[in-house]
Amino acid sequence: EPEVTQTPSHQVTQMGQEVILRCVPISNHLYFYWYRQILGQKVEFLVSFYNNEISEKSEIFDDQFSVERPDGSNFTLKIRSTKLEDSAMYFCASSVAPREQYFGPGTRLTVT
Amino acid sequence: RKEVEQDPGPFNVPEGATVAFNCTYSNSASQSFFWYRQDCRKEPKLLMSVYSSGNEDGRFTAQLNRASQYISLLIRDSKLSDSATYLCVDRSSERSGGGADGLTFGKGTHLIIQP
């Protein structure tokens, strides 16, 4: 069964550094998403991407964040200058249509 | 602001019992609803979509009440492997023509099935 994959599984970075989180969505999916979950809190939507552009973004997704689909398979989330409060689990998701979304295993980001 | 509210539990239930939990949503424009399950420190996994007429998938039954803006999940003949956090989710299509709308998650209901 096809799955969304994410790398790395765990990323430790220092405050102020840039990080890039990578995702490979399910191959025939057209809609891509990033979510985050701070430990002990609910899953929060960050951004969605369709047809090579951002479709929707939340208030969390400020100028420090960007997304890119650099080739036909990868979908990346960049955080330009990490803050302590960016420490969270980041989930990528994809869907074939704007309904059921399938999540990857996540990248645990720790900012020190 | 879109909100989905759930009783956090935990619900402690003996194996084989039936358990039900509800959630409420605030956005009357919400189009689609889902139940996901999340195991500790893992990703949300889609359990089932929720349809207006109600739907069943094996031991799981989901119901939607648009007038009262609540969604329910019923689990029959519960198994030890059903122990997880159950996330109530809605998707609000706020723009015409659809698009890649983000999901709004509840905080989840923690379910513990006891042997």
# chains A, B, ... in the order shown; residues from 1 in each chain; ligands from 1
$ interface_residues --of "chain B" --to "chain A" --cutoff "6 Å" --atoms "only C-alpha atoms" --output "JSON, numbers by chain"
{"B": [43, 100, 102, 105, 107]}
$ residues_around --residues "B:Val19" --least-positions-apart "5" --cutoff "9 Å" --atoms "only C-alpha atoms" --output "ChimeraX atom specification"
/B:11,13,73-78
$ atom_distance --atom1 "atom CA of B:Asn22" --atom2 "atom CA of B:Cys40"
20.9 Å
$ residues_around --residues "B:Thr104" --least-positions-apart "4" --cutoff "10 Å" --atoms "only C-alpha atoms" --output "PyMOL selection string"
(chain A and resi 42-45) or (chain B and resi 2-4+25+30+33+87-92)
$ residues_around --residues "stretch 78-87 of chain A" --least-positions-apart "4" --cutoff "10 Å" --atoms "only C-alpha atoms" --output "PyMOL selection string"
chain A and resi 11-22+36-39+61-68+108-112
$ atom_distance --atom1 "atom CA of B:Ile112" --atom2 "atom CA of B:Asn12"
4.9 Å
$ atom_distance --atom1 "atom CA of B:Ser28" --atom2 "atom CA of B:His110"
25.9 Å
$ residues_around --residues "stretch 48-58 of chain B" --least-positions-apart "5" --cutoff "6 Å" --atoms "only C-alpha atoms" --output "ChimeraX atom specification"
/B:33-35,63-64
$ select_by_dssp --residues "chain A" --states "strand (DSSP E or B)" --output "JSON, numbers by chain"
{"A": [5, 6, 7, 10, 11, 12, 13, 19, 20, 21, 22, 23, 24, 31, 32, 33, 34, 35, 36, 37, 44, 45, 46, 47, 48, 49, 50, 53, 54, 55, 56, 57, 65, 66, 67, 68, 75, 76, 77, 78, 79, 88, 89, 90, 91, 92, 93, 94, 95, 102, 103, 107, 108, 109, 110, 111]}
$ decode --residues "stretch 43-58 of chain B" --atoms "all heavy atoms" --output "tab-separated table (two decimals), in the first residue's frame"
chain	number	residue	atom	x	y	z
B	43	GLU	N	1.64	9.20	13.58
B	43	GLU	CA	0.83	10.07	12.73
B	43	GLU	C	-0.65	9.75	12.85
B	43	GLU	O	-1.02	8.62	13.16
B	43	GLU	CB	1.27	9.96	11.26
B	43	GLU	CG	0.84	8.69	10.55
B	43	GLU	CD	1.82	7.55	10.71
B	43	GLU	OE1	2.58	7.53	11.71
B	43	GLU	OE2	1.80	6.67	9.83
B	44	PRO	N	-1.53	10.72	12.57
B	44	PRO	CA	-2.96	10.40	12.48
B	44	PRO	C	-3.20	9.45	11.31
B	44	PRO	O	-2.66	9.64	10.22
B	44	PRO	CB	-3.60	11.76	12.21
B	44	PRO	CG	-2.59	12.78	12.60
B	44	PRO	CD	-1.26	12.14	12.36
B	45	LYS	N	-4.01	8.45	11.58
B	45	LYS	CA	-4.38	7.51	10.50
B	45	LYS	C	-5.89	7.60	10.27
B	45	LYS	O	-6.66	7.55	11.24
B	45	LYS	CB	-4.01	6.08	10.89
B	45	LYS	CG	-2.53	5.78	10.83
B	45	LYS	CD	-2.28	4.30	11.00
B	45	LYS	CE	-0.83	3.99	11.28
B	45	LYS	NZ	0.04	3.93	10.18
B	46	LEU	N	-6.26	7.73	9.02
B	46	LEU	CA	-7.67	7.85	8.68
B	46	LEU	C	-8.42	6.58	9.07
B	46	LEU	O	-8.08	5.49	8.66
B	46	LEU	CB	-7.82	8.10	7.18
B	46	LEU	CG	-9.24	8.24	6.66
B	46	LEU	CD1	-9.93	9.46	7.25
B	46	LEU	CD2	-9.24	8.32	5.14
B	47	LEU	N	-9.44	6.76	9.91
B	47	LEU	CA	-10.28	5.64	10.32
B	47	LEU	C	-11.47	5.53	9.38
B	47	LEU	O	-11.74	4.48	8.81
B	47	LEU	CB	-10.73	5.85	11.76
B	47	LEU	CG	-11.55	4.76	12.41
B	47	LEU	CD1	-10.75	3.49	12.53
B	47	LEU	CD2	-12.06	5.21	13.77
B	48	MET	N	-12.20	6.63	9.25
B	48	MET	CA	-13.34	6.63	8.33
B	48	MET	C	-13.81	8.05	8.07
B	48	MET	O	-13.63	8.94	8.89
B	48	MET	CB	-14.49	5.78	8.87
B	48	MET	CG	-15.05	6.19	10.20
B	48	MET	SD	-16.06	4.90	10.98
B	48	MET	CE	-17.34	4.62	9.77
B	49	SER	N	-14.40	8.22	6.90
B	49	SER	CA	-15.11	9.47	6.60
B	49	SER	C	-16.49	9.37	7.23
B	49	SER	O	-16.98	8.28	7.53
B	49	SER	CB	-15.24	9.64	5.09
B	49	SER	OG	-13.97	9.63	4.48
B	50	VAL	N	-17.12	10.51	7.42
B	50	VAL	CA	-18.46	10.55	8.02
B	50	VAL	C	-19.41	11.12	6.99
B	50	VAL	O	-19.21	12.24	6.51
B	50	VAL	CB	-18.48	11.42	9.29
B	50	VAL	CG1	-19.85	11.36	9.96
B	50	VAL	CG2	-17.40	11.00	10.26
B	51	TYR	N	-20.43	10.37	6.66
B	51	TYR	CA	-21.40	10.81	5.65
B	51	TYR	C	-22.70	11.22	6.32
B	51	TYR	O	-23.03	10.77	7.42
B	51	TYR	CB	-21.64	9.70	4.63
B	51	TYR	CG	-20.38	9.30	3.89
B	51	TYR	CD1	-19.82	8.04	4.05
B	51	TYR	CD2	-19.73	10.22	3.07
B	51	TYR	CE1	-18.65	7.70	3.40
B	51	TYR	CE2	-18.56	9.87	2.41
B	51	TYR	CZ	-18.03	8.61	2.58
B	51	TYR	OH	-16.87	8.28	1.93
B	52	SER	N	-23.44	12.07	5.64
B	52	SER	CA	-24.65	12.65	6.21
B	52	SER	C	-25.67	11.59	6.64
B	52	SER	O	-26.37	11.75	7.64
B	52	SER	CB	-25.33	13.59	5.21
B	52	SER	OG	-24.48	14.67	4.93
B	53	SER	N	-25.70	10.50	5.90
B	53	SER	CA	-26.69	9.45	6.19
B	53	SER	C	-26.18	8.47	7.24
B	53	SER	O	-26.87	7.53	7.59
B	53	SER	CB	-27.02	8.70	4.90
B	53	SER	OG	-25.82	8.23	4.30
B	54	GLY	N	-24.97	8.70	7.73
B	54	GLY	CA	-24.37	7.75	8.65
B	54	GLY	C	-23.72	6.61	7.87
B	54	GLY	O	-24.17	6.26	6.78
B	55	ASN	N	-22.66	6.08	8.39
B	55	ASN	CA	-22.00	4.99	7.68
B	55	ASN	C	-21.29	4.07	8.66
B	55	ASN	O	-20.97	4.44	9.79
B	55	ASN	CB	-21.03	5.53	6.62
B	55	ASN	CG	-20.08	6.58	7.15
B	55	ASN	OD1	-20.51	7.65	7.60
B	55	ASN	ND2	-18.79	6.32	7.09
B	56	GLU	N	-21.09	2.86	8.19
B	56	GLU	CA	-20.54	1.79	9.01
B	56	GLU	C	-19.36	1.16	8.30
B	56	GLU	O	-19.38	1.00	7.07
B	56	GLU	CB	-21.65	0.75	9.23
B	56	GLU	CG	-21.37	-0.30	10.28
B	56	GLU	CD	-22.60	-1.19	10.51
B	56	GLU	OE1	-23.67	-0.64	10.84
B	56	GLU	OE2	-22.46	-2.40	10.32
B	57	ASP	N	-18.34	0.81	9.08
B	57	ASP	CA	-17.20	0.09	8.52
B	57	ASP	C	-16.80	-0.95	9.54
B	57	ASP	O	-16.11	-0.64	10.51
B	57	ASP	CB	-16.06	1.08	8.23
B	57	ASP	CG	-14.86	0.40	7.58
B	57	ASP	OD1	-14.91	-0.82	7.34
B	57	ASP	OD2	-13.87	1.11	7.31
B	58	GLY	N	-17.28	-2.16	9.34
B	58	GLY	CA	-16.99	-3.22	10.31
B	58	GLY	C	-17.60	-2.90	11.66
B	58	GLY	O	-18.80	-2.67	11.79
